[in-house]
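Engineer: The structure file final.txt (compact mmCIF, C-alpha atoms and all ligand atoms) is provided below.
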```txt
# COMPACT_ATOMS: atom_id res chain seq x y z
CA MET A 6 42.11 111.91 86.78
CA THR A 7 44.79 114.58 86.98
CA TRP A 8 45.45 116.02 83.57
CA ARG A 9 48.48 117.74 82.19
CA ILE A 10 47.51 119.73 79.11
CA ASP A 11 49.86 122.10 77.28
CA CYS A 12 47.68 124.74 75.62
CA ASP A 13 50.28 126.51 73.45
CA VAL A 14 52.65 124.37 71.40
CA HIS A 15 53.81 125.63 68.01
CA ASN A 16 54.10 123.17 65.18
CA ALA A 17 55.86 124.49 62.09
CA VAL A 18 55.44 123.77 58.39
CA PRO A 19 58.90 122.42 57.47
CA ASP A 20 58.81 123.65 53.88
CA ILE A 21 56.04 125.01 51.70
CA SER A 22 56.36 121.94 49.47
CA ALA A 23 55.01 119.89 52.40
CA LEU A 24 51.65 121.52 51.64
CA PHE A 25 51.60 120.80 47.91
CA ALA A 26 49.82 117.47 48.37
CA TYR A 27 46.96 119.39 49.98
CA LEU A 28 46.82 122.28 47.50
CA PRO A 29 45.01 122.38 44.15
CA THR A 30 47.59 122.26 41.34
CA ARG A 31 46.77 125.86 40.52
CA TRP A 32 48.15 127.00 43.84
CA SER A 33 51.13 124.65 44.14
CA ASP A 34 52.15 125.81 40.63
CA TYR A 35 51.65 129.38 41.77
CA CYS A 36 54.05 128.88 44.70
CA VAL A 37 56.69 127.32 42.44
CA GLU A 38 56.34 129.79 39.56
CA HIS A 39 56.42 132.79 41.89
CA GLY A 40 59.33 131.45 43.93
CA VAL A 41 57.35 131.36 47.18
CA ASP A 42 59.39 128.92 49.25
CA SER A 43 58.02 129.71 52.71
CA LEU A 44 55.32 131.57 54.59
CA ALA A 45 57.05 131.00 57.92
CA PRO A 46 56.49 134.20 59.91
CA ASN A 47 59.53 136.35 60.58
CA TYR A 48 58.43 137.57 63.99
CA TYR A 49 60.51 134.81 65.51
CA PRO A 50 63.93 135.54 63.94
CA PRO A 51 65.34 132.05 63.32
CA ASN A 52 68.68 132.38 65.08
CA MET A 53 67.61 134.41 68.09
CA ALA A 54 67.90 132.46 71.33
CA PHE A 55 64.29 132.95 72.38
CA THR A 56 62.97 131.57 69.07
CA ALA A 57 63.67 128.00 70.13
CA LYS A 58 64.81 126.10 73.20
CA PRO A 59 68.26 124.60 72.55
CA GLU A 60 66.94 121.04 72.55
CA ALA A 61 64.32 121.98 69.92
CA ARG A 62 67.06 122.86 67.43
CA THR A 63 67.71 119.52 65.80
CA GLY A 64 69.90 119.81 62.71
CA GLU A 65 68.57 121.77 59.77
CA ALA A 66 64.91 121.17 60.55
CA GLU A 67 62.83 124.13 61.63
CA PRO A 68 62.14 123.88 65.38
CA GLY A 69 58.68 122.42 65.89
CA SER A 70 58.46 120.91 62.40
CA ASP A 71 59.00 117.24 63.31
CA ALA A 72 56.03 115.60 65.05
CA ALA A 73 58.22 112.85 66.51
CA VAL A 74 60.60 115.36 68.10
CA VAL A 75 57.75 117.49 69.46
CA GLY A 76 56.03 114.37 70.75
CA LYS A 77 59.19 113.22 72.52
CA GLN A 78 60.15 116.58 74.00
CA VAL A 79 56.73 118.04 74.87
CA LEU A 80 54.63 114.96 75.58
CA ASP A 81 57.02 112.25 76.74
CA GLU A 82 59.72 114.23 78.51
CA GLY A 83 57.31 116.97 79.60
CA GLU A 84 54.85 114.38 80.93
CA ILE A 85 52.02 116.07 79.04
CA ASP A 86 48.82 114.17 78.23
CA ILE A 87 47.52 116.48 75.51
CA ALA A 88 49.22 119.27 73.53
CA ILE A 89 47.19 121.91 71.68
CA LEU A 90 49.04 122.86 68.47
CA ASN A 91 48.92 126.46 67.29
CA CYS A 92 50.50 126.67 63.83
CA LEU A 93 51.72 130.20 63.16
CA TYR A 94 51.99 130.10 59.37
CA ALA A 95 51.65 133.54 57.78
CA ILE A 96 48.42 133.03 55.86
CA GLN A 97 46.38 135.92 57.25
CA PRO A 98 48.67 138.63 55.79
CA ILE A 99 48.19 137.27 52.23
CA HIS A 100 46.30 139.84 50.13
CA ASN A 101 44.96 137.30 47.62
CA GLU A 102 41.86 135.93 49.33
CA ASP A 103 41.58 132.82 47.13
CA TRP A 104 45.20 131.88 47.79
CA ALA A 105 44.72 132.43 51.52
CA VAL A 106 41.66 130.16 51.57
CA ALA A 107 43.58 127.42 49.73
CA MET A 108 46.62 127.76 52.01
CA ALA A 109 44.57 127.65 55.23
CA ARG A 110 42.80 124.53 54.01
CA ALA A 111 46.13 122.94 53.06
CA VAL A 112 47.70 123.72 56.45
CA ASN A 113 44.73 122.16 58.24
CA ASP A 114 44.83 119.03 56.08
CA TRP A 115 48.60 118.82 56.61
CA GLN A 116 48.09 119.12 60.40
CA ALA A 117 45.47 116.36 60.29
CA ALA A 118 47.72 113.98 58.34
CA HIS A 119 51.13 114.75 59.86
CA TRP A 120 50.23 115.53 63.47
CA LEU A 121 46.76 114.37 64.52
CA GLU A 122 47.10 111.04 62.74
CA VAL A 123 50.64 110.49 63.99
CA ASP A 124 50.08 110.90 67.74
CA ASN A 125 46.64 110.91 69.36
CA ARG A 126 47.93 113.12 72.16
CA PHE A 127 48.04 116.06 69.74
CA ARG A 128 45.08 118.39 69.22
CA ALA A 129 45.22 121.30 66.79
CA SER A 130 43.82 124.74 66.15
CA ILE A 131 42.11 125.46 62.84
CA VAL A 132 44.02 128.01 60.77
CA VAL A 133 41.52 130.32 59.05
CA PRO A 134 41.66 132.91 56.25
CA THR A 135 40.42 135.96 58.15
CA GLN A 136 40.54 137.93 54.87
CA SER A 137 37.07 136.47 54.33
CA PRO A 138 35.20 135.68 57.55
CA GLU A 139 32.49 133.85 55.58
CA ARG A 140 35.03 131.54 53.96
CA ALA A 141 36.84 131.20 57.29
CA ALA A 142 33.55 129.96 58.73
CA GLU A 143 33.27 127.42 55.89
CA GLU A 144 36.76 126.17 56.74
CA ILE A 145 35.85 125.88 60.44
CA HIS A 146 32.81 123.74 59.60
CA ARG A 147 34.90 121.57 57.24
CA ALA A 148 37.89 121.07 59.54
CA ALA A 149 35.79 120.59 62.70
CA GLU A 150 34.52 117.28 61.34
CA ASN A 151 37.89 115.98 62.53
CA ARG A 152 37.57 115.87 66.34
CA GLY A 153 41.32 116.43 66.60
CA PHE A 154 40.69 120.11 65.88
CA VAL A 155 39.65 121.71 69.15
CA GLN A 156 40.09 125.44 68.59
CA VAL A 157 40.01 128.22 65.99
CA LEU A 158 43.19 130.30 65.81
CA LEU A 159 43.13 134.08 65.24
CA LEU A 160 46.05 136.52 65.32
CA ALA A 161 46.13 139.58 67.53
CA PHE A 162 47.50 142.16 65.11
CA SER A 163 44.44 142.05 62.88
CA GLU A 164 43.17 144.48 60.29
CA MET A 165 40.35 145.52 62.59
CA PRO A 166 39.48 144.88 66.23
CA LEU A 167 38.36 141.26 66.43
CA GLY A 168 35.05 142.04 68.11
CA ARG A 169 33.83 143.94 65.03
CA ARG A 170 30.68 142.44 63.55
CA CYS A 171 32.30 141.54 60.24
CA TYR A 172 34.22 138.81 62.10
CA TRP A 173 31.11 137.31 63.66
CA PRO A 174 30.71 134.53 61.08
CA ILE A 175 33.94 133.13 62.56
CA PHE A 176 32.56 133.24 66.10
CA GLN A 177 29.26 131.77 65.00
CA ALA A 178 30.98 128.84 63.29
CA ALA A 179 33.23 128.30 66.32
CA ALA A 180 30.27 128.38 68.71
CA GLU A 181 28.20 126.04 66.53
CA ASN A 182 31.03 123.52 66.59
CA GLY A 183 31.73 123.95 70.30
CA LEU A 184 35.23 125.28 69.61
CA PRO A 185 36.97 128.02 71.63
CA VAL A 186 38.67 130.79 69.66
CA GLY A 187 42.35 131.25 70.52
CA VAL A 188 43.91 134.68 70.00
CA HIS A 189 47.71 134.60 69.68
CA PRO A 190 50.21 137.40 68.99
CA GLY A 191 50.93 137.51 65.28
CA ILE A 192 50.51 139.71 62.23
CA ALA A 193 47.24 139.33 60.36
CA GLY A 194 46.88 142.56 58.44
CA ALA A 195 48.40 145.91 57.64
CA ASN A 196 48.47 147.30 61.16
CA PRO A 197 51.79 147.80 62.96
CA LEU A 198 52.77 145.91 66.09
CA LEU A 199 52.32 148.91 68.33
CA PRO A 200 49.29 151.22 68.33
CA THR A 201 51.65 154.14 67.74
CA GLY A 202 53.43 152.60 64.73
CA TRP A 203 56.17 150.16 63.81
CA PRO A 204 58.81 149.64 66.53
CA SER A 205 62.54 149.58 65.84
CA TYR A 206 63.41 146.53 67.89
CA CYS A 207 62.24 143.02 68.63
CA ILE A 208 62.26 143.78 72.35
CA GLU A 209 59.55 146.40 71.82
CA ASP A 210 57.35 143.83 70.13
CA TYR A 211 57.78 141.30 72.93
CA ALA A 212 57.45 143.77 75.78
CA ALA A 213 54.37 145.50 74.37
CA ALA A 214 52.45 142.60 72.79
CA SER A 215 49.95 142.52 75.63
CA GLY A 216 48.71 145.94 74.53
CA ALA A 217 47.19 144.48 71.36
CA MET A 218 45.75 141.56 73.33
CA GLN A 219 44.07 143.93 75.77
CA SER A 220 42.60 145.91 72.86
CA GLN A 221 41.19 142.72 71.37
CA LEU A 222 39.66 141.66 74.67
CA VAL A 223 38.02 145.07 75.13
CA SER A 224 36.67 144.90 71.56
CA LEU A 225 35.24 141.40 72.01
CA VAL A 226 33.49 142.41 75.23
CA CYS A 227 32.16 145.79 74.10
CA GLU A 228 30.94 144.71 70.66
CA GLY A 229 28.81 142.08 72.37
CA ALA A 230 30.31 138.91 70.88
CA PHE A 231 29.67 137.01 74.10
CA GLN A 232 26.01 138.05 74.29
CA LYS A 233 25.46 137.18 70.63
CA TYR A 234 27.09 133.75 71.04
CA ALA A 235 26.38 132.70 74.60
CA THR A 236 28.54 129.57 74.42
CA LEU A 237 31.55 131.32 72.85
CA LYS A 238 34.85 130.92 74.69
CA VAL A 239 38.03 132.84 73.89
CA VAL A 240 41.56 131.92 74.92
CA MET A 241 44.15 134.68 75.12
CA LEU A 242 47.38 132.91 74.25
CA GLU A 243 50.86 134.09 75.18
CA SER A 244 49.58 137.42 76.40
CA GLY A 245 50.41 137.42 80.11
CA VAL A 246 47.83 137.94 82.84
CA SER A 247 49.16 140.61 85.21
CA TRP A 248 47.32 143.33 83.29
CA LEU A 249 43.95 141.65 83.66
CA PRO A 250 42.82 142.97 87.09
CA SER A 251 43.46 146.60 86.15
CA LEU A 252 41.79 146.17 82.74
CA MET A 253 38.72 144.59 84.34
CA TRP A 254 38.60 147.42 86.89
CA ARG A 255 38.75 150.07 84.16
CA LEU A 256 36.12 148.28 82.08
CA ASP A 257 33.75 147.88 85.04
CA LYS A 258 34.30 151.46 86.18
CA ASN A 259 33.58 152.96 82.76
CA TRP A 260 30.75 150.53 82.03
CA LYS A 261 28.88 151.99 84.99
CA GLY A 262 28.91 155.39 83.32
CA LEU A 263 28.78 154.43 79.65
CA ARG A 264 26.71 151.25 79.57
CA ARG A 265 23.95 152.97 77.56
CA GLU A 266 26.41 152.95 74.68
CA ILE A 267 26.65 149.15 74.77
CA PRO A 268 23.26 148.07 76.19
CA TRP A 269 23.84 144.46 75.14
CA VAL A 270 26.57 144.17 77.79
CA ASN A 271 24.05 143.60 80.55
CA GLU A 272 26.43 142.59 83.32
CA PRO A 273 29.81 143.94 84.45
CA PRO A 274 32.53 143.30 81.84
CA SER A 275 34.63 141.52 84.46
CA THR A 276 31.81 138.98 84.82
CA VAL A 277 31.68 138.50 81.05
CA ILE A 278 35.44 137.96 80.94
CA ARG A 279 35.45 135.49 83.82
CA ASP A 280 32.63 133.51 82.18
CA HIS A 281 34.00 133.45 78.64
CA VAL A 282 37.76 134.07 78.53
CA ARG A 283 40.78 132.03 79.57
CA PHE A 284 44.49 132.90 79.62
CA THR A 285 47.58 130.77 79.12
CA VAL A 286 50.41 131.11 81.63
CA ALA A 287 53.31 131.25 79.18
CA PRO A 288 54.21 133.87 80.06
CA PHE A 289 53.05 134.20 83.63
CA ASP A 290 54.17 137.80 84.02
CA GLY A 291 53.29 138.12 87.70
CA PRO A 292 55.44 139.09 90.67
CA GLU A 293 58.07 136.83 92.27
CA ARG A 294 56.90 136.55 95.88
CA ALA A 295 54.32 133.92 96.77
CA ASP A 296 52.05 136.32 98.65
CA GLU A 297 52.08 138.73 95.71
CA VAL A 298 51.35 135.94 93.22
CA LEU A 299 48.39 134.81 95.30
CA ARG A 300 47.14 138.38 95.59
CA LEU A 301 47.24 138.71 91.78
CA VAL A 302 45.32 135.45 91.39
CA ASP A 303 42.80 136.71 93.94
CA GLN A 304 42.38 139.95 91.97
CA MET A 305 41.75 137.96 88.79
CA GLY A 306 39.02 136.13 90.69
CA SER A 307 39.99 132.52 90.27
CA THR A 308 42.60 130.07 89.02
CA GLU A 309 39.85 128.79 86.72
CA LEU A 310 40.86 131.48 84.24
CA LEU A 311 44.35 130.04 83.81
CA LEU A 312 45.64 127.36 81.43
CA TYR A 313 49.07 125.77 81.53
CA ALA A 314 51.26 126.29 78.45
CA SER A 315 54.92 125.92 77.54
CA ASP A 316 54.94 127.92 74.27
CA TYR A 317 57.30 125.24 72.87
CA PRO A 318 59.63 125.64 71.03
CA HIS A 319 59.84 129.32 71.95
CA TRP A 320 62.12 130.17 74.82
CA HIS A 321 61.31 133.58 76.20
CA HIS A 322 59.41 132.90 79.39
CA ARG A 323 60.00 131.85 82.96
CA ASP A 324 58.80 128.32 83.47
CA ALA A 325 55.21 128.17 84.78
CA GLU A 326 56.31 125.81 87.55
CA THR A 327 58.68 128.30 89.15
CA SER A 328 56.70 131.43 88.35
CA LEU A 329 53.21 130.28 89.34
CA LEU A 330 52.43 126.63 89.99
CA ARG A 331 54.65 126.11 93.04
CA HIS A 332 52.67 128.81 94.86
CA LEU A 333 49.29 127.11 94.36
CA SER A 334 47.49 124.44 96.38
CA SER A 335 47.42 120.97 94.84
CA GLU A 336 43.76 121.46 93.94
CA GLU A 337 44.45 124.75 92.16
CA ARG A 338 47.54 123.33 90.45
CA ALA A 339 45.43 120.53 89.03
CA LYS A 340 42.98 123.04 87.58
CA VAL A 341 45.70 125.10 85.92
CA THR A 342 47.78 122.22 84.61
CA GLY A 343 44.87 120.44 83.00
CA GLY A 344 41.44 120.52 84.63
CA ASN A 345 40.47 123.90 83.22
CA ALA A 346 41.66 122.98 79.72
CA ALA A 347 39.95 119.58 79.79
CA GLU A 348 36.65 121.31 80.52
CA LEU A 349 37.24 124.07 77.98
CA TYR A 350 38.24 121.74 75.14
CA ARG A 351 35.75 119.04 76.18
CA LEU A 352 38.44 116.40 76.45
CA ASP A 353 37.38 113.03 77.77
CA ALA A 354 39.67 111.04 80.00
CA ASP A 355 39.25 107.99 77.79
CA GLN A 356 40.80 109.94 74.90
CA VAL A 357 44.13 109.92 76.68
CA VAL A 358 46.73 107.23 76.17
CA ARG A 359 49.50 107.37 78.74
ZN ZN A 401 52.78 130.92 71.66
```
Translate this file's structure into structure tokens.
Structural biologist:
Amino acid sequence: MTWRIDCDVHNAVPDISALFAYLPTRWSDYCVEHGVDSLAPNYYPPNMAFTAKPEARTGEAEPGSDAAVVGKQVLDEGEIDIAILNCLYAIQPIHNEDWAVAMARAVNDWQAAHWLEVDNRFRASIVVPTQSPERAAEEIHRAAENRGFVQVLLLAFSEMPLGRRCYWPIFQAAAENGLPVGVHPGIAGANPLLPTGWPSYCIEDYAAASGAMQSQLVSLVCEGAFQKYATLKVVMLESGVSWLPSLMWRLDKNWKGLRREIPWVNEPPSTVIRDHVRFTVAPFDGPERADEVLRLVDQMGSTELLLYASDYPHWHHRDAETSLLRHLSSEERAKVTGGNAAELYRLDADQVVR
């Protein structure tokens, strides 16, 4: 069977009151009494063109907030068999750990009821309170009982590098449940968007986001997360791929001289990355010419590292079809558009209703 799987679709909480049914009264009262009417992240300014494709703007509703509209536009019109939902609700920046735990749980229960139950072509990522990795792990175990959840979602601009050992309860829980961990650009702590400080403009954020993703990948490899949890898979979402060959070269080169420092990394970092890490192709930030695209893919090592994504409803990428897929053989296209994701997320063909 030839799959078409979209690995980065953003569903949005329409209004914080949509979560009240899934929150203890203490916390729904807290939201009302404190005038908290939304935790929608502001790193996609609502009226900017790239925040939503024109067709995703339907009336007053927040783009991505209506499961029927997303189902029609992404699944039906996009001829997609399965869409992986990554809900970017700003829970990780909350300083109150108890509130963050309650909100993450509510978002996951809301996703289960309003998305997974509504259309069996949706799968979702588990939103976790990274303020407490132990309680995040508890939420992973709880939510993973619903097979519709196929991934754990972390944000790239975290308080500390994600490979650090304090985060390992999250990776352990993900590995125990057979769930990949997706890392997506987004603010999860007090650190600025750029390593050198806060930028002035949105364009700086978008152009430089891959820097944080590269730092997270280096941290995950060097801290030994993939040796500790041999089945752990990580998906770098919306981070581009053109930087990967040079990063792997630098890691391998320096590992040869400095491997005593990280003795648990017992094979070249590029091998670890190819075995454990996948990358979505929205954006595919490669060159234009076919021969140059194929050379980049060759330098990465394989099309098996790549996962198709649209990043719906966001609208700031070249389409994967024109930027990448048209240059690939039919066999390689099939891997990127769905085969790789089906294997990664352990999707069975009989789960799909066309
Ligand atoms: Zn995205």
Engineer: Any idea what's packed within 12 Å of Arg9 in chain A, counting all atoms listed in the file, ignoring anything in its chain fewer than 6 positions away? Could you give it as a ChimeraX atom specification?
Structural biologist: /A:79-81,83-89,126,312-315,338-347,352,354,357,359
Engineer: Between A:Tyr350, A:Trp269, A:Phe55, A:Trp254, which has the minimum distance to ligand ZN 401 (chain A) (counting only C-alpha atoms and all ligand atoms)?
Structural biologist: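 With only C-alpha atoms and all ligand atoms as the atom set, the closest residue is A:Phe55.
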Engineer: Could you please extract the residues within 6 Å of ligand ZN 401 (chain A), counting all atoms listed in the file, and hand them back as a ChimeraX atom specification?
Structural biologist: /A:13,243,316
Engineer: Would you mind telling me which residue in A:Trp320, A:Tyr206, A:Tyr234, A:Phe162 lies nearest to Asn182 in chain A when using all atoms listed in the file?
Structural biologist: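 Smallest separation from Asn182 in chain A among the options: A:Tyr234.
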Engineer: Rounded to one decimal place, report the CA of Leu299 in chain A-CA of Ser251 in chain A distance in Å.
Structural biologist: 15.7 Å
Engineer: Restricting the calculation to only C-alpha atoms, which member of A:Cys227, A:Gln156, A:Pro204, A:Ala212 is positioned closest to Arg351 in chain A?
Structural biologist: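 The answer is A:Gln156, which sits nearest to Arg351 in chain A.
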Engineer: Extract, using only C-alpha atoms, all DNA, RNA and protein residues at most 7 Å from range 293-295 of chain A, discarding same-chain residues fewer than 2 positions from it, and format them as a list in words.
Structural biologist: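 Skipping anything fewer than 2 positions along the chain leaves Gly291, Glu297, Val298, Leu299, Ser328 and His332 of chain A.
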